[in-house]
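Notes follow once the structure below has been shown.
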Amino acid sequence: MRRVLVVDDEPMVIYSVKRILESAKIEVHTADSGKACLEELRKGFKGLILMDIMMPGMDGWDTINEIVQEGFAEGNIICMLTGKEEPDAKMEKLKEYVLDYIRKPFDKDQLLTIVGDYLAYLE
Amino acid sequence: MKPSSIVIIGSSGGGPRVLKEILNDLPVLNGAIIIIQHMPQFLNELIRESLGACSKMSVKIAQNGEQIKNGTIYIAPSEMHLELINNVQIHLYRGKKVHFVCPSIDVTLKSLKWEFGIRHIGIILSGLGQDGAEGISYLKKIGGVTIAQSEESCAIYGMPKEAIATGNVDLILTPDEIREWLTELIGQTPN
């Protein structure tokens, strides 16, 4: 199962991540908000979720909270996409569900290595 | 026979790939390693397989009541705290979350006891929050060696930063340095 869901409100981030991952024959789904991410999961997405933290409305942590509440955490690996700053420790209670943090901007090779590692868990 | 060295490695977000870096090419040590990785339960066996594939040491999910041995790596299962009784016997139990997590690194570190002939080492890797900081201070008090992962090599620096802020961390190392240091200090199991 080489499938990734990219959740980010920035079209440029979605575009570049999609391009990098598709070059490695990875199936990429995209969502431009937490709400759209939950829709993908309700439609049956299973795989690796790359989740932006800072999004308007429902941010990354709110979305993970919903993912957990709706029972979608089982079988999906979640990695956060972060900027330079440290994620807000107030959401520490959700940290067991986040396996990794990937810093933006991405280095193509590093992104492919990290994504490849976690997809290997799900194969 | 009790292990001559007991290494407790605590990790959270970013931990799985750092653990792979440390265990890759690590020889079979003359000591036991216990890994407390915060993760959802469905990943326990998958992480064990992944670490087992890159490690020369035997890697298993810790079982309640078993005695730890030199040359083996034990992974704490999710949703159970892991304590070490008399520095040798694994005790798993369902308890309240500590620092929002179960298993908690602090719980395991604080279960260790000073004992002649046993060396204790605590290592705090990448992760969000403060789990491990109290345990590192306790370990220092009973004569253990304490290590934190370096900032530039962390996906998230929160846990190592909190541990270092206690003033009780002996060494700040990269994953490569942690592997080299463990090999030199603990030594390999004689063939």
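Identifiers in this document derive from the order of the structure tokens: chains are assigned A, B, ..., residues are numbered from 1 separately in each chain, and ligands are numbered from 1 in order of occurrence.
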
Taking a cut-off of 12 Å and counting only C-alpha atoms, can you build a table that, for each residue of chain B near chain A, reports the nearest atom pair and how far apart they are in Å (one decimal), sorted by chain then residue number, as JSON lines?
{"residue": "B:Ser11", "atom": "CA", "partner": "A:Leu99", "partner_atom": "CA", "distance": 10.1}
{"residue": "B:Ser12", "atom": "CA", "partner": "A:Leu99", "partner_atom": "CA", "distance": 7.0}
{"residue": "B:Gly13", "atom": "CA", "partner": "A:Asp100", "partner_atom": "CA", "distance": 4.4}
{"residue": "B:Gly14", "atom": "CA", "partner": "A:Asp100", "partner_atom": "CA", "distance": 4.1}
{"residue": "B:Gly15", "atom": "CA", "partner": "A:Asp100", "partner_atom": "CA", "distance": 7.3}
{"residue": "B:Pro16", "atom": "CA", "partner": "A:Leu99", "partner_atom": "CA", "distance": 7.5}
{"residue": "B:Arg17", "atom": "CA", "partner": "A:Ile114", "partner_atom": "CA", "distance": 7.8}
{"residue": "B:Val18", "atom": "CA", "partner": "A:Asp100", "partner_atom": "CA", "distance": 10.3}
{"residue": "B:Lys20", "atom": "CA", "partner": "A:Asp117", "partner_atom": "CA", "distance": 10.1}
{"residue": "B:Ile36", "atom": "CA", "partner": "A:Glu96", "partner_atom": "CA", "distance": 11.6}
{"residue": "B:Gln37", "atom": "CA", "partner": "A:Glu96", "partner_atom": "CA", "distance": 8.8}
{"residue": "B:His38", "atom": "CA", "partner": "A:Glu96", "partner_atom": "CA", "distance": 5.1}
{"residue": "B:Met39", "atom": "CA", "partner": "A:Glu96", "partner_atom": "CA", "distance": 4.8}
{"residue": "B:Pro40", "atom": "CA", "partner": "A:Tyr97", "partner_atom": "CA", "distance": 5.9}
{"residue": "B:Gln41", "atom": "CA", "partner": "A:Glu74", "partner_atom": "CA", "distance": 8.3}
{"residue": "B:Phe42", "atom": "CA", "partner": "A:Glu74", "partner_atom": "CA", "distance": 6.6}
{"residue": "B:Leu43", "atom": "CA", "partner": "A:Tyr121", "partner_atom": "CA", "distance": 8.0}
{"residue": "B:Asn44", "atom": "CA", "partner": "A:Tyr121", "partner_atom": "CA", "distance": 10.4}
{"residue": "B:Glu45", "atom": "CA", "partner": "A:Tyr121", "partner_atom": "CA", "distance": 9.5}
{"residue": "B:Leu46", "atom": "CA", "partner": "A:Tyr121", "partner_atom": "CA", "distance": 5.7}
{"residue": "B:Ile47", "atom": "CA", "partner": "A:Tyr121", "partner_atom": "CA", "distance": 7.3}
{"residue": "B:Arg48", "atom": "CA", "partner": "A:Tyr121", "partner_atom": "CA", "distance": 10.1}
{"residue": "B:Glu49", "atom": "CA", "partner": "A:Tyr121", "partner_atom": "CA", "distance": 8.7}
{"residue": "B:Ser50", "atom": "CA", "partner": "A:Tyr121", "partner_atom": "CA", "distance": 7.4}
{"residue": "B:Leu51", "atom": "CA", "partner": "A:Tyr121", "partner_atom": "CA", "distance": 10.8}
{"residue": "B:Ala53", "atom": "CA", "partner": "A:Tyr121", "partner_atom": "CA", "distance": 11.9}
{"residue": "B:Ser78", "atom": "CA", "partner": "A:Glu96", "partner_atom": "CA", "distance": 9.3}
{"residue": "B:Glu79", "atom": "CA", "partner": "A:Glu96", "partner_atom": "CA", "distance": 10.1}
{"residue": "B:Lys97", "atom": "CA", "partner": "A:Lys93", "partner_atom": "CA", "distance": 9.5}
{"residue": "B:Val98", "atom": "CA", "partner": "A:Lys93", "partner_atom": "CA", "distance": 10.1}
{"residue": "B:His99", "atom": "CA", "partner": "A:Lys93", "partner_atom": "CA", "distance": 7.9}
{"residue": "B:Phe100", "atom": "CA", "partner": "A:Lys93", "partner_atom": "CA", "distance": 5.0}
{"residue": "B:Val101", "atom": "CA", "partner": "A:Glu96", "partner_atom": "CA", "distance": 6.8}
{"residue": "B:Cys102", "atom": "CA", "partner": "A:Glu96", "partner_atom": "CA", "distance": 8.6}
{"residue": "B:Pro103", "atom": "CA", "partner": "A:Glu96", "partner_atom": "CA", "distance": 9.9}
{"residue": "B:Ser104", "atom": "CA", "partner": "A:Glu96", "partner_atom": "CA", "distance": 10.8}
{"residue": "B:Ser126", "atom": "CA", "partner": "A:Asp100", "partner_atom": "CA", "distance": 9.1}
{"residue": "B:Gly127", "atom": "CA", "partner": "A:Asp100", "partner_atom": "CA", "distance": 8.4}
{"residue": "B:Leu128", "atom": "CA", "partner": "A:Glu92", "partner_atom": "CA", "distance": 6.8}
{"residue": "B:Gly129", "atom": "CA", "partner": "A:Ala89", "partner_atom": "CA", "distance": 6.0}
{"residue": "B:Gln130", "atom": "CA", "partner": "A:Ala89", "partner_atom": "CA", "distance": 9.1}
{"residue": "B:Asp131", "atom": "CA", "partner": "A:Glu92", "partner_atom": "CA", "distance": 10.2}
{"residue": "B:Glu151", "atom": "CA", "partner": "A:Glu86", "partner_atom": "CA", "distance": 11.6}
{"residue": "B:Glu152", "atom": "CA", "partner": "A:Arg103", "partner_atom": "CA", "distance": 11.9}
{"residue": "B:Cys154", "atom": "CA", "partner": "A:Tyr101", "partner_atom": "CA", "distance": 9.4}
{"residue": "B:Ala155", "atom": "CA", "partner": "A:Tyr101", "partner_atom": "CA", "distance": 5.6}
{"residue": "B:Ile156", "atom": "CA", "partner": "A:Tyr101", "partner_atom": "CA", "distance": 6.8}
{"residue": "B:Tyr157", "atom": "CA", "partner": "A:Glu86", "partner_atom": "CA", "distance": 7.8}
{"residue": "B:Gly158", "atom": "CA", "partner": "A:Glu86", "partner_atom": "CA", "distance": 7.7}
{"residue": "B:Met159", "atom": "CA", "partner": "A:Ala89", "partner_atom": "CA", "distance": 10.6}
{"residue": "B:Lys161", "atom": "CA", "partner": "A:Glu86", "partner_atom": "CA", "distance": 11.3}
{"residue": "B:Glu162", "atom": "CA", "partner": "A:Ala89", "partner_atom": "CA", "distance": 11.8}

Check: Residues at most 9 Å from segment 41-43 of chain A, counting only C-alpha atoms, excluding those fewer than 3 positions away in the same chain, as a ChimeraX atom specification?
Finding: /A:36-38,46,67,72

Next item on the list: Please return as number ranges by chain: the residues of chain A that backbone DSSP assigns to alpha helix (DSSP H).
Entry: A: 11-22, 34-42, 60-69, 108-122

Give me a file of those residues, with C-alpha atoms, as an mmCIF file, in the first residue's frame.
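out.cif, written as the output of this step:
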data_model
loop_
_atom_site.group_PDB
_atom_site.id
_atom_site.type_symbol
_atom_site.label_atom_id
_atom_site.label_comp_id
_atom_site.auth_asym_id
_atom_site.auth_seq_id
_atom_site.Cartn_x
_atom_site.Cartn_y
_atom_site.Cartn_z
ATOM 1 C CA PRO A 11 -1.482 24.841 -3.021
ATOM 2 C CA MET A 12 2.267 25.144 -3.696
ATOM 3 C CA VAL A 13 3.090 22.699 -0.889
ATOM 4 C CA ILE A 14 0.500 20.213 -2.158
ATOM 5 C CA TYR A 15 1.786 20.614 -5.715
ATOM 6 C CA SER A 16 5.443 20.060 -4.840
ATOM 7 C CA VAL A 17 4.884 17.157 -2.439
ATOM 8 C CA LYS A 18 2.567 15.464 -4.954
ATOM 9 C CA ARG A 19 5.131 15.866 -7.726
ATOM 10 C CA ILE A 20 7.993 14.499 -5.611
ATOM 11 C CA LEU A 21 6.017 11.492 -4.351
ATOM 12 C CA GLU A 22 4.456 10.636 -7.711
ATOM 13 C CA GLY A 34 -8.883 19.318 7.910
ATOM 14 C CA LYS A 35 -12.469 18.863 6.795
ATOM 15 C CA ALA A 36 -11.386 17.599 3.370
ATOM 16 C CA CYS A 37 -8.924 15.232 5.086
ATOM 17 C CA LEU A 38 -11.747 13.701 7.142
ATOM 18 C CA GLU A 39 -13.806 13.299 3.967
ATOM 19 C CA GLU A 40 -10.960 11.303 2.380
ATOM 20 C CA LEU A 41 -10.766 9.087 5.449
ATOM 21 C CA ARG A 42 -14.535 8.557 5.475
ATOM 22 C CA GLY A 60 -3.644 20.002 12.080
ATOM 23 C CA TRP A 61 -4.085 19.173 15.763
ATOM 24 C CA ASP A 62 -7.883 19.658 15.614
ATOM 25 C CA THR A 63 -7.938 17.359 12.599
ATOM 26 C CA ILE A 64 -5.930 14.659 14.379
ATOM 27 C CA ASN A 65 -8.281 14.936 17.343
ATOM 28 C CA GLU A 66 -11.202 14.246 14.977
ATOM 29 C CA ILE A 67 -9.299 11.404 13.299
ATOM 30 C CA VAL A 68 -8.850 9.777 16.697
ATOM 31 C CA GLN A 69 -12.471 10.432 17.762
ATOM 32 C CA LYS A 108 13.375 16.020 -1.948
ATOM 33 C CA ASP A 109 15.636 13.089 -1.032
ATOM 34 C CA GLN A 110 14.945 13.418 2.674
ATOM 35 C CA LEU A 111 11.186 13.525 2.072
ATOM 36 C CA LEU A 112 11.321 10.437 -0.125
ATOM 37 C CA THR A 113 13.427 8.573 2.445
ATOM 38 C CA ILE A 114 11.122 9.386 5.347
ATOM 39 C CA VAL A 115 7.930 8.666 3.391
ATOM 40 C CA GLY A 116 9.454 5.449 2.002
ATOM 41 C CA ASP A 117 10.372 4.295 5.520
ATOM 42 C CA TYR A 118 6.860 4.776 6.852
ATOM 43 C CA LEU A 119 5.140 3.321 3.792
ATOM 44 C CA ALA A 120 7.288 0.219 4.305
ATOM 45 C CA TYR A 121 5.553 -0.281 7.694
ATOM 46 C CA LEU A 122 2.196 -0.399 5.929
#

Check: Residues at most 10 Å from Gly117 of chain B, counting only C-alpha atoms, excluding those fewer than 5 positions away in the same chain, as a list in words?
Finding: Lys2, Pro3, Ser4 and Ser5 of chain B

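Interatomic distance, atom CA of Asn70 of chain B to atom CA of Ile33 of chain B: 8.3 Å.
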
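Of all the residues in segment 37-104 of chain B, the ones DSSP labels as strand (DSSP E or B) from the backbone are Gln37, Ser58, Val59, Lys60, Ile61, Gln67, Thr72, Ile73, Tyr74, Ile75, His81, Leu82, Glu83, Leu84, Ile85, Gln89, Ile90, His91, Leu92, Tyr93, Val98 and Val101 of chain B.
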
Write a file of the selected residues as a CSV table (one decimal), in the first residue's frame, keeping N, CA and C atoms.
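In the end it all went to part09.csv:
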chain,number,residue,atom,x,y,z
B,37,GLN,N,8.9,3.9,23.1
B,37,GLN,CA,8.6,4.7,21.9
B,37,GLN,C,7.1,5.0,22.0
B,58,SER,N,18.8,-9.1,19.1
B,58,SER,CA,17.5,-9.6,19.0
B,58,SER,C,16.5,-8.6,19.5
B,59,VAL,N,15.4,-8.3,18.7
B,59,VAL,CA,14.4,-7.3,19.1
B,59,VAL,C,13.1,-7.9,19.4
B,60,LYS,N,12.5,-7.7,20.5
B,60,LYS,CA,11.2,-8.2,20.8
B,60,LYS,C,10.3,-7.2,21.6
B,61,ILE,N,9.0,-7.5,21.6
B,61,ILE,CA,8.1,-6.7,22.4
B,61,ILE,C,8.2,-7.3,23.8
B,67,GLN,N,12.5,-11.9,32.2
B,67,GLN,CA,13.8,-11.3,32.7
B,67,GLN,C,14.6,-10.8,31.6
B,72,THR,N,19.8,-8.3,24.0
B,72,THR,CA,18.4,-8.2,23.6
B,72,THR,C,17.9,-6.8,23.7
B,73,ILE,N,17.0,-6.4,22.7
B,73,ILE,CA,16.3,-5.1,22.8
B,73,ILE,C,14.8,-5.4,23.0
B,74,TYR,N,14.3,-4.7,24.0
B,74,TYR,CA,12.9,-4.9,24.4
B,74,TYR,C,12.1,-3.6,24.1
B,75,ILE,N,11.0,-3.8,23.3
B,75,ILE,CA,10.2,-2.6,23.0
B,75,ILE,C,8.9,-2.6,23.9
B,81,HIS,N,2.4,0.8,31.0
B,81,HIS,CA,3.7,1.3,31.6
B,81,HIS,C,4.6,0.1,31.8
B,82,LEU,N,5.9,0.4,31.7
B,82,LEU,CA,6.9,-0.7,31.9
B,82,LEU,C,7.8,-0.3,33.0
B,83,GLU,N,7.8,-1.1,34.1
B,83,GLU,CA,8.8,-0.9,35.2
B,83,GLU,C,9.7,-2.1,35.2
B,84,LEU,N,10.9,-1.9,35.7
B,84,LEU,CA,11.8,-3.0,35.8
B,84,LEU,C,12.0,-3.3,37.3
B,85,ILE,N,11.6,-4.5,37.7
B,85,ILE,CA,11.7,-4.9,39.1
B,85,ILE,C,13.1,-5.5,39.4
B,89,GLN,N,13.4,-7.8,36.1
B,89,GLN,CA,12.1,-8.4,35.7
B,89,GLN,C,11.2,-7.3,35.1
B,90,ILE,N,10.6,-7.6,34.0
B,90,ILE,CA,9.7,-6.6,33.4
B,90,ILE,C,8.3,-6.7,34.0
B,91,HIS,N,7.8,-5.6,34.4
B,91,HIS,CA,6.4,-5.5,34.9
B,91,HIS,C,5.7,-4.5,34.1
B,92,LEU,N,4.6,-5.1,33.4
B,92,LEU,CA,3.8,-4.2,32.5
B,92,LEU,C,2.5,-4.0,33.2
B,93,TYR,N,1.9,-2.8,33.2
B,93,TYR,CA,0.6,-2.6,33.8
B,93,TYR,C,-0.1,-1.5,33.1
B,98,VAL,N,1.0,9.3,32.0
B,98,VAL,CA,1.9,10.3,32.7
B,98,VAL,C,2.5,11.2,31.6
B,101,VAL,N,1.1,10.3,28.2
B,101,VAL,CA,1.4,9.1,27.4
B,101,VAL,C,1.5,7.9,28.3

Checklist line | Length of the atom CA of Gly95 of chain B to atom CA of Ile8 of chain B vector [Å] | finding: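 Taking atom CA of Gly95 of chain B and atom CA of Ile8 of chain B, their separation equals 19.7 Å.
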